[in-house]
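First up is the structure itself, then whatever we jot down about it.
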Amino acid sequence: MYPSSGHTNGYHDQQQQQPEQQRFVTTAQRPRVRRGPRGGGGGGVRSRDYGDGFRVSGEDNSQPPSQQAEQQNLAPCTDFDKAYFHSYAHVGIHEEMIKDRVRTDTYRSAILQHQRHIEGKVVMDVGCGTGILAIFCAQAGAKRVYAVDASDIAVQANEVVRANNLSDRIIVLHGRVEDVEIDEEVDVIVSEWMGYMLLYESMLGSVITARDRWLKPGGLILPSHATLYMAPITHPDRYTESIDFWRNVYGIDMSAMLPLAKQCAFEEPSVETINGENVLTWPHVVKYVDCYTLQIYELESVTTRFQFKSMMRAPFHGFAFWFDVEFNGPANVNANAQILLPGSPNPPSLDGVVKKKRTNPSDTLILSTAPEDPPTHWQQTLIYFYEPMEVEQDQVIEGSLTLSQSKENRRFMNIHLEYSSGGRSFVKESVMR
């Protein structure tokens with residue numbers, strides 16, 4: 001993939017050395033394609049134009065881009081970042097996301113729904129990947145689209161743009177958003193930044209930095225708002241499949257394997273699909289994100305206290321996390337939606353999961369990863385206990401949760417969970433890598 005000639009072909013100099021090792025392990029215990037981040041935050045370094053609307057960042061090499069970023073209080077590009085960007089050049093990740101019809105169709109619908117804000121305007125796609133969202137914006141009439149991606153997939157994105165005769169309106173910028181510069185403000189920022197458990201990968205900070213540097217006052221951000229939820233779950237089939245299996249293997253007692261099996265299956269968060277029948281209670285809102293007002297420091301650590309009341313008698317196996325995002329304009333902030341916390345009167349539900357209440361549901365477009373909604377490639381994120389706990393109907397489950405960026409690698413997420421029920425208290429710590 002790397003060029004053999006002296007011409008860079010649009011590759012960033014710092015990206016031509018492959019990382020020695022990708023120190024990432026799967027979060028789920030089942031094989032899946034890992035999502036990676038698609039770009040970074042704000043500007044400051046000139047970009048060099050290679051024609052056909054393709055530019056590569058960091059060509060002004062009087063200082064390394066990481067040093068320039070530090071001087072502007074922007075996140076420097078670490079070896080972990082480079083490894084992520086390198087992994088994101090793999091076509092399988094993009095194929096998985098594009099084939100997620102819930103995700104892709106919702107983004108296209110949102111762009112068309114806000115066409116009056118996009119037509120004739122300047123748009124930035126933060127972490128453009130193959131360029132599909134940038135092309136949707138161009139099809140909606142955008143005057144110009146800056147499609148930014150730090151991964152080498154930007155080279156293919158530029159070819160896709162050219163094949164669709166859109167090079168006059170879409171400019172592909174190959175580099176982190178921290179390391180590129182454009183010479184104008186933008187009217188719209190679009191980005192598919194959500195990771196597992198919403199905040200994993202820390203890409204939202206890149207969108208916020210782009211907002212602070214380039215978005216015009218009153219500009220549009222898609223998606224505009226996001227909500228992370230959690231709820232206790234029961235999942236006996238999963239426990240039987242991974243743990244109880246070892247109690248009798250072809251008539252052989254292999255219960256000595258149980259401690260290791262529990263550690264391997266449940267030590268880290270697992271990304272898998274559940275349904276509404278697995279959810280024991282109304283969900284709790286962990287974090288509500290307003291992309292128009294959020295500050296980057298707020299993402300370093302998120303803490304919440306929760307209290308649930310089980311709606312049934314069942315084994316309590318752990319907690320599930322999911323999210324939804326909304327595609328509102330800035331004038332609609334909190335105008336149409338209110339979050340219904342546990343205990344709210346008459347919460348509308350489907351399979352025991354809280355939905356949002358709106359004056360006019362057609363006003364706001366929602367992309368949901370909730371257990372009762374159509375499945376997406378995000379699925380749900382589950383934190384299992386090594387030992388399930390039996391709970392009775394109406395039994396209270398309470399505690400606290402802290403999600404924090406790892407000091408080793410800000411794209412990792414540290415999870416500290418304290419919970420108690422029936423007079424028993426527990427602590428579960430894990431890292432989402």
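By convention in this document, the chains of the structure tokens carry letters A, B, ... by their order, each chain's residues are numbered from 1, and ligands are numbered from 1 in the order they are shown.
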Worksheet item: Do you know which residues are at most 10 Å from range 199-208 of chain A counting only C-alpha atoms, after dropping those on the same chain fewer than 5 positions away, and could you put them as number ranges by chain?
Response: A: 35-42, 74-75, 81, 84, 124-127, 176-178, 189-194, 213, 215, 221, 228, 287, 289, 291-300, 302, 323, 403-405, 409-414, 432-433
Fill in: Long-range neighbours of Ser425 in chain A as a ChimeraX atom specification, 10 Å cut-off, only C-alpha atoms, 6 positions minimum in chain
/A:397-399,418-419
Writer output for current selection, N, CA, C and O atoms, as a short mmCIF file (atom, residue, chain, number, x, y, z; two decimals), in the first residue's frame:
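Generated file (again-v5.cif):
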```cif
data_model
loop_
_atom_site.label_atom_id
_atom_site.label_comp_id
_atom_site.auth_asym_id
_atom_site.auth_seq_id
_atom_site.Cartn_x
_atom_site.Cartn_y
_atom_site.Cartn_z
N ILE A 397 -31.39 -2.45 43.07
CA ILE A 397 -29.99 -2.59 42.67
C ILE A 397 -29.44 -1.18 42.56
O ILE A 397 -29.97 -0.36 41.80
N GLU A 398 -28.41 -0.86 43.32
CA GLU A 398 -27.89 0.50 43.30
C GLU A 398 -26.38 0.50 43.32
O GLU A 398 -25.74 -0.50 43.63
N GLY A 399 -25.81 1.66 42.96
CA GLY A 399 -24.36 1.76 42.96
C GLY A 399 -23.89 2.96 42.17
O GLY A 399 -24.62 3.94 41.99
N GLU A 418 -19.35 -0.08 40.92
CA GLU A 418 -19.70 -0.52 42.28
C GLU A 418 -21.21 -0.74 42.31
O GLU A 418 -21.97 0.12 41.87
N TYR A 419 -21.63 -1.88 42.85
CA TYR A 419 -23.05 -2.16 42.88
C TYR A 419 -23.38 -3.00 44.12
O TYR A 419 -22.54 -3.73 44.65
#
```
List the neighbours of range 217-220 of chain A out to 9 Å using only C-alpha atoms; skip same-chain residues closer than 2 positions along the sequence, and give me the result as a PDB file with C-alpha atoms, in the first residue's frame.
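As a result, selection.pdb now contains:
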```pdb
ATOM      1  CA  HIS A 114     -31.428  18.962   6.903  1.00  0.00           C
ATOM      2  CA  HIS A 117     -28.955  23.774   5.921  1.00  0.00           C
ATOM      3  CA  ILE A 118     -26.526  21.928   3.622  1.00  0.00           C
ATOM      4  CA  VAL A 186     -17.810  25.623   7.771  1.00  0.00           C
ATOM      5  CA  ASP A 187     -21.583  25.669   8.055  1.00  0.00           C
ATOM      6  CA  VAL A 188     -22.008  21.980   8.864  1.00  0.00           C
ATOM      7  CA  ILE A 189     -20.009  19.238  10.593  1.00  0.00           C
ATOM      8  CA  VAL A 190     -21.018  15.632   9.992  1.00  0.00           C
ATOM      9  CA  ARG A 211     -16.461  22.619  16.042  1.00  0.00           C
ATOM     10  CA  LEU A 215     -17.975  25.855  12.768  1.00  0.00           C
ATOM     11  CA  LEU A 222     -24.867  15.864  12.724  1.00  0.00           C
ATOM     12  CA  PRO A 223     -25.508  14.038  14.954  1.00  0.00           C
ATOM     13  CA  SER A 224     -26.261  16.758  17.451  1.00  0.00           C
ATOM     14  CA  TYR A 292     -23.119  22.054  20.476  1.00  0.00           C
ATOM     15  CA  ASN A 328     -31.219  18.060  15.677  1.00  0.00           C
ATOM     16  CA  GLY A 329     -30.339  21.565  14.582  1.00  0.00           C
ATOM     17  CA  PRO A 330     -28.939  23.969  17.203  1.00  0.00           C
ATOM     18  CA  ALA A 331     -32.296  25.737  17.496  1.00  0.00           C
TER      19      ALA A 331
END
```
Item to complete: Run DSSP on the backbone and grab whatever in range 126-357 of chain A lands in strand (DSSP E); send it over as number ranges by chain.
Response: A: 126, 144-149, 170-174, 186-190, 215-222, 225-233, 270-272, 284-290, 301-309, 314-326, 337-338, 349-350, 353-354, 357
